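Asks: Mind looking over this structure? Questions follow.
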Amino acid sequence: MTLAVENLSVTLATARGPLAAVRGLSFTLGRGESLGIVGESGCGKTMTALAIMGLLPEGAEVGGRIVWDGQDLLSLADDAMGRLRGRRLAMVFQEPMTALNPVQTIGDQIAEALLVHDLADRVGAMREAVALLERVGIADPERRVRGYPHQLSGGQRQRAMIAMALACKPDVLIADEPTSALDVTVQQQILGLIRSLAAERGMAMLLISHDLAVVAGNVARLLVMYAGRGVEWGETAQMFGALAHPYAQGLFRSAPARALTATTRPRRLPTIAGQVPDLVTLGEGCPFAERCDLVEEPCRSRMPEWQALAPEHRVACRRAEESLRRWKP
Amino acid sequence: MTFVRRALRHRSFAVGAAVTMLFAFMALLSLVWTPHNPTRINVRGRLAAPSPDHWLGTDQFGRDVLSIIMAGAQNSVAVGVVAVAIGMVGGVALGLLAAACRGWIEETIMRAADFLFAFPAILLAIMLVATLGSGAVNAILAIGIFSVPVFARLARASANAIWTREFVLAARASGRGPWRITGIHILPNIASVILVQATVQFALAILAEAALSYLGLGAQPPTPSWGRMLSEAQPLIFQNPMLAVYPGIAIALTVLGLNLLGDGLRDLIDPRLTRSRT
């Protein structure tokens with residue numbers, strides 16, 4: 001069962017006119033595979049996740065296809081999509097405090113997922129909830145299952161969220177910035193937990209983050225997005241050895257963890273000059289053209305074709321070779 | 001700190017609860033005992049001054065005023081409970097439906113609520129009673145119906161706020177449909193606001209019932225009612241003003257008690273407000 005996103009586009013209605021949040025995005029995610037989507041705020045990562053789940057905000061227009069298990073999710077009726085959500089496709093959200101209902105016990109919220117899809121009766125669901133809490137590493141699960149979200153710490157809440165998402169043993173797990181609201185010390189624990197659970201159950205995992213470092217160690221493949229478009233895709237280690245897109249390079253260089261440990265310690269954090277383009281007025285050219293130091297005239301008018309740098313490494317940049325030459329991992 | 005201890009330390013909640021409980025107790029007690037029969041007419045003993053036998057004196061028919069006040073509390077409590085129940089159940093259901101369906105269903109419900117809301121409450125009640133006929137049951141119905149839009153608007157606004165919360169998105173992501181989300185996630189999260197509004201509506205319902213009875217559209221004689229005590233005292237306002245003052249005090253105290261209770265309840269239920277006050 002492969003999840004194939006083909007030429008996905010998401011357009012949101014805003015007061016200033018249609019905003020192209022995602023443009024022509026394609027990727028595939030097979031059973032047991034893992035893919036990280038990296039990019040800054042507003043690059044379309046979350047909209048891509050919501051499009052897969054069929055949870056885009058009201059008034060959003062979707063184009064392209066999202067094929068899963070032989071069916072196009074975008075053309076599926078509401079109730080059919082409702083049966084897939086939670087059961088086959090599950091999602092972990094960024095803010096564990098706001099993504100849990102404050103007036104319902106943790107156990108009820110986990111059990112609820114099983115009850116919705118008729119996978120257990122009340123008693124069985126609660127027993128399963130205790131087992132899940134134990135599996136995600138929450139101490140004293142028998143007591144916690146009767147507790148409320150505010151009685152848990154941030155990391156524990158995110159573990160409870162993961163338990164909720166895993167309750168029905170989904171085939172695809174989408175984690176949207178699962179650790180951005182957590183302490184650095186807890187981040188790697190949570191990511192490690194998600195990765196080991198995905199491996200243990202043969203789930204496909206889509207890990208979304210703005211932080212290249214967070215994603216890199218936890219996924220087999222990486223997709224870098226900029227302004228609604230995919231710009232570079234590849235096998236993680238291979239890609240880091242030869243990061244080719246000028247934006248991807250800039251994103252990598254500006255990560256604080258790397259900048260601070262580099263041998264030639266810079267006095268200022270490296271940044272990318274210019275600003276993120278306005279997605280309402282952005283034209284057909286490469287969205288990074290205005291900020292790119294290697295820009296050529298054709299970049300501004302037409303989106304560059306994807307070119308393969310290796311069997312498992314592709315980039316959408318006309319000047320990829322020049323760019324690659326100056327890359328020092 | 002436990003909820004009970006916090007509640008007792010909250011002055012307006014404690015006072016409001018005490019006053020409300022006093023009147024509720026009075027209503028209950030009057031079911032089994034009043035100093036005199038509140039409907040027994042005694043022509044020889046009319047307009048008597050307060051005495052050990054008649055603590056608050058008697059009215060122009062010789063009925064014991066304290067007994068009427070006590071039995072009148074029954075009427076007010078019954079009207080308040082039933083009318084608020086009608087308004088709350090109907091209004092909250094409509095508000096939740098509007099928030100869950102959006103689109104034209106929401107528009108239709110809310111515009112209908114706006115239409116009802118545009119009439120002054122008392123005028124609406126008078127209109128309804130005029131159509132349905134006067135009497136205690138119709139007065140309750142009328143008061144209940146005019147509080148439907150209040151609850152509908154509040155429920156829809158609060159429910160819409162909850163619908164935008166991330167845990168609702170998470171619930172949808174785990175496959176829950178709109179009705180299940182409404183029951184499990186929306187209603188419990190708006191229950192406290194609704195409860196506070198219910199105490200305010202309770203006070204308004206008592207006021208409205210008194211007004212309708214005063215106009216002769218509510219409880220019919222000989223059912224004891226505070227509103228009718230006022231209208232019966234009106235011709236004697238200069239000879240025996242206390243006959244109007246007693247039911248007036250009863251109405252004012254009950255409404256004040258309920259409002260204090262509602263205010264206190266709001267503070268106690270919403271922890272953010274409590275913290276900013278101390």
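Ordered as shown in the structure tokens, chains take letters A, B, and onward, while each chain numbers its residues from 1 and ligands are numbered from 1 in the order shown.
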Distance limit 6 Å, atoms considered: only C-alpha atoms. Which chain A residues sit that close to chain B? Return them as a count of residues only.
Replies: 7
Asks: Within 12 Å of Arg326 of chain A, counting only C-alpha atoms, which residues qualify if same-chain residues fewer than 4 places away don't, as a PyMOL selection string?
Replies: chain A and resi 242-246+249+294+319-322
Asks: So which residues of segment 45-94 of chain A fall under helix (DSSP H, G or I) by DSSP, listed as a list of chain:residue names?
Replies: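 Across segment 45-94 of chain A, those assigned helix (DSSP H, G or I) are A:Lys45, A:Thr46, A:Met47, A:Thr48, A:Ala49, A:Leu50, A:Ala51, A:Ile52, A:Met53, A:Leu73, A:Leu74, A:Ser75, A:Asp78, A:Asp79, A:Ala80, A:Met81, A:Gly82, A:Arg83, A:Leu84.
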Asks: Show which residues sit within 12 Å of Trp68 of chain A, as a ChimeraX atom specification. Count only C-alpha atoms, and ignore same-chain residues fewer than 5 positions away.
Replies: /A:1-6,28-31,52-53,73-76,81,84,88-89,171-172,204
Asks: Skipping near chain neighbours, those fewer than 5 positions away, what residues fall within 7 Å of Ala205 of chain B using only C-alpha atoms, listed as a PyMOL selection string?
Replies: chain B and resi 80+83+143
Asks: At a cut-off of 8 Å, using only C-alpha atoms, what residues contact segment 133-144 of chain A? Leave out same-chain residues fewer than 5 positions from it and give the result as a VMD selection string.
Replies: chain A and resid 106 to 107 156 159 to 160 162 to 163 193
Asks: Selected residues, C-alpha atoms, written as a PDB file, in the first residue's frame, please.
Replies:
```pdb
ATOM      1  CA  ILE A 106      -6.595  10.723  28.614  1.00  0.00           C
ATOM      2  CA  GLY A 107      -7.987   7.196  28.659  1.00  0.00           C
ATOM      3  CA  GLN A 156       3.844  13.084  28.411  1.00  0.00           C
ATOM      4  CA  ARG A 159       3.264  10.664  24.186  1.00  0.00           C
ATOM      5  CA  ALA A 160      -0.473  10.444  24.908  1.00  0.00           C
ATOM      6  CA  ILE A 162       1.008   9.433  19.861  1.00  0.00           C
ATOM      7  CA  ALA A 163      -0.847   6.699  21.756  1.00  0.00           C
ATOM      8  CA  LEU A 193       9.697   6.760  20.024  1.00  0.00           C
TER       9      LEU A 193
END
```
Asks: Which parts of segment 105-325 of chain A does DSSP call strand (DSSP E) when run on the backbone here, written out as a VMD selection string?
Replies: chain A and resid 172 to 176 204 to 209 221 to 226 229 to 235 307 to 310 313 to 315
Asks: With N, CA, C and O atoms retained, could you export that selection as a CSV table (one decimal), in the first residue's frame?
Replies:
```csv
chain,number,residue,atom,x,y,z
A,172,VAL,N,-0.5,4.6,7.8
A,172,VAL,CA,0.3,5.8,7.6
A,172,VAL,C,0.2,6.7,8.8
A,172,VAL,O,-0.9,7.0,9.3
A,173,LEU,N,1.4,7.2,9.3
A,173,LEU,CA,1.4,8.1,10.4
A,173,LEU,C,2.0,9.4,10.0
A,173,LEU,O,3.1,9.5,9.5
A,174,ILE,N,1.2,10.5,10.1
A,174,ILE,CA,1.7,11.8,9.7
A,174,ILE,C,2.0,12.6,11.0
A,174,ILE,O,1.1,12.7,11.9
A,175,ALA,N,3.2,13.0,11.2
A,175,ALA,CA,3.5,13.8,12.4
A,175,ALA,C,3.9,15.2,12.0
A,175,ALA,O,4.9,15.4,11.3
A,176,ASP,N,3.0,16.2,12.3
A,176,ASP,CA,3.2,17.5,11.9
A,176,ASP,C,3.9,18.3,13.0
A,176,ASP,O,3.3,18.6,14.0
A,204,ALA,N,4.1,3.5,7.5
A,204,ALA,CA,4.7,4.5,6.7
A,204,ALA,C,4.7,5.8,7.5
A,204,ALA,O,3.7,6.1,8.2
A,205,MET,N,5.8,6.6,7.5
A,205,MET,CA,5.8,7.7,8.4
A,205,MET,C,6.1,9.0,7.6
A,205,MET,O,7.1,9.0,6.8
A,206,LEU,N,5.3,10.0,7.8
A,206,LEU,CA,5.6,11.3,7.2
A,206,LEU,C,5.9,12.3,8.3
A,206,LEU,O,5.0,12.6,9.1
A,207,LEU,N,7.1,12.7,8.4
A,207,LEU,CA,7.5,13.6,9.5
A,207,LEU,C,7.8,15.0,9.0
A,207,LEU,O,8.6,15.2,8.1
A,208,ILE,N,7.0,15.9,9.5
A,208,ILE,CA,7.0,17.3,9.0
A,208,ILE,C,7.7,18.2,10.0
A,208,ILE,O,7.4,18.1,11.2
A,209,SER,N,8.7,19.0,9.5
A,209,SER,CA,9.3,19.9,10.5
A,209,SER,C,10.0,21.1,9.8
A,209,SER,O,10.2,21.0,8.6
A,221,ARG,N,14.2,9.3,3.8
A,221,ARG,CA,14.2,10.2,2.6
A,221,ARG,C,13.7,11.6,3.1
A,221,ARG,O,13.0,11.7,4.1
A,222,LEU,N,14.1,12.6,2.3
A,222,LEU,CA,13.9,13.9,2.7
A,222,LEU,C,13.4,14.7,1.5
A,222,LEU,O,13.8,14.5,0.4
A,223,LEU,N,12.4,15.6,1.8
A,223,LEU,CA,11.9,16.5,0.7
A,223,LEU,C,11.9,17.9,1.3
A,223,LEU,O,11.4,18.2,2.3
A,224,VAL,N,12.6,18.8,0.6
A,224,VAL,CA,12.7,20.1,1.0
A,224,VAL,C,11.7,20.9,0.2
A,224,VAL,O,11.6,20.8,-1.0
A,225,MET,N,10.9,21.7,0.9
A,225,MET,CA,9.8,22.5,0.3
A,225,MET,C,10.1,24.0,0.4
A,225,MET,O,10.7,24.4,1.4
A,226,TYR,N,9.8,24.8,-0.6
A,226,TYR,CA,9.9,26.2,-0.5
A,226,TYR,C,8.7,26.8,-1.2
A,226,TYR,O,8.5,26.5,-2.4
A,229,ARG,N,6.4,24.6,-3.2
A,229,ARG,CA,6.9,23.7,-4.2
A,229,ARG,C,8.0,22.8,-3.5
A,229,ARG,O,8.7,23.2,-2.6
A,230,GLY,N,8.1,21.5,-4.0
A,230,GLY,CA,9.2,20.7,-3.6
A,230,GLY,C,10.4,21.2,-4.4
A,230,GLY,O,10.3,21.4,-5.6
A,231,VAL,N,11.6,21.3,-3.8
A,231,VAL,CA,12.7,21.8,-4.5
A,231,VAL,C,13.9,20.8,-4.5
A,231,VAL,O,14.7,20.8,-5.4
A,232,GLU,N,13.9,19.9,-3.5
A,232,GLU,CA,14.9,18.9,-3.5
A,232,GLU,C,14.4,17.6,-2.8
A,232,GLU,O,13.8,17.7,-1.8
A,233,TRP,N,14.7,16.5,-3.4
A,233,TRP,CA,14.2,15.2,-2.8
A,233,TRP,C,15.4,14.2,-2.8
A,233,TRP,O,16.1,14.2,-3.8
A,234,GLY,N,15.5,13.4,-1.8
A,234,GLY,CA,16.5,12.4,-1.9
A,234,GLY,C,16.6,11.5,-0.7
A,234,GLY,O,16.0,11.7,0.3
A,235,GLU,N,17.5,10.5,-0.8
A,235,GLU,CA,17.8,9.6,0.3
A,235,GLU,C,18.7,10.5,1.3
A,235,GLU,O,19.6,11.2,0.9
A,307,GLN,N,15.9,17.4,-12.0
A,307,GLN,CA,17.0,16.7,-12.6
A,307,GLN,C,17.6,15.7,-11.6
A,307,GLN,O,17.7,16.1,-10.4
A,308,ALA,N,17.9,14.5,-12.1
A,308,ALA,CA,18.4,13.5,-11.2
A,308,ALA,C,19.9,13.7,-11.0
A,308,ALA,O,20.7,13.8,-12.0
A,309,LEU,N,20.4,13.8,-9.7
A,309,LEU,CA,21.8,13.9,-9.5
A,309,LEU,C,22.4,12.5,-9.1
A,309,LEU,O,23.6,12.3,-9.3
A,310,ALA,N,21.5,11.7,-8.7
A,310,ALA,CA,21.8,10.3,-8.4
A,310,ALA,C,20.5,9.5,-8.5
A,310,ALA,O,19.5,10.2,-8.5
A,313,HIS,N,18.3,10.9,-5.7
A,313,HIS,CA,18.5,12.3,-5.4
A,313,HIS,C,18.1,13.2,-6.5
A,313,HIS,O,18.7,13.1,-7.6
A,314,ARG,N,17.1,14.0,-6.4
A,314,ARG,CA,16.6,14.9,-7.5
A,314,ARG,C,16.5,16.3,-6.9
A,314,ARG,O,16.3,16.5,-5.8
A,315,VAL,N,16.7,17.2,-7.9
A,315,VAL,CA,16.6,18.6,-7.5
A,315,VAL,C,16.0,19.4,-8.6
A,315,VAL,O,16.1,19.1,-9.8
```
Asks: Which residues are close to Arg201 of chain A, i.e. within 10 Å by only C-alpha atoms, leaving aside same-chain residues fewer than 6 positions away? Reply as a PyMOL selection string.
Replies: chain A and resi 32+166+169-171
Asks: Output N, CA, C and O atoms for every residue in the selection just made, as a CSV table (one decimal), in the first residue's frame.
Replies:
```csv
chain,number,residue,atom,x,y,z
A,32,GLY,N,6.1,1.0,5.3
A,32,GLY,CA,7.4,0.9,6.1
A,32,GLY,C,8.4,2.0,5.8
A,32,GLY,O,9.5,2.0,6.4
A,166,LEU,N,-1.9,6.0,17.4
A,166,LEU,CA,-1.5,4.6,17.1
A,166,LEU,C,-2.6,3.6,17.5
A,166,LEU,O,-2.6,2.5,17.1
A,169,LYS,N,-3.8,1.1,15.0
A,169,LYS,CA,-2.8,0.6,14.2
A,169,LYS,C,-2.9,1.0,12.8
A,169,LYS,O,-3.1,0.3,11.8
A,170,PRO,N,-2.7,2.3,12.5
A,170,PRO,CA,-2.8,2.9,11.2
A,170,PRO,C,-1.7,2.4,10.3
A,170,PRO,O,-0.7,1.9,10.8
A,171,ASP,N,-1.9,2.6,9.0
A,171,ASP,CA,-0.8,2.2,8.0
A,171,ASP,C,0.1,3.4,7.7
A,171,ASP,O,1.2,3.2,7.4
```
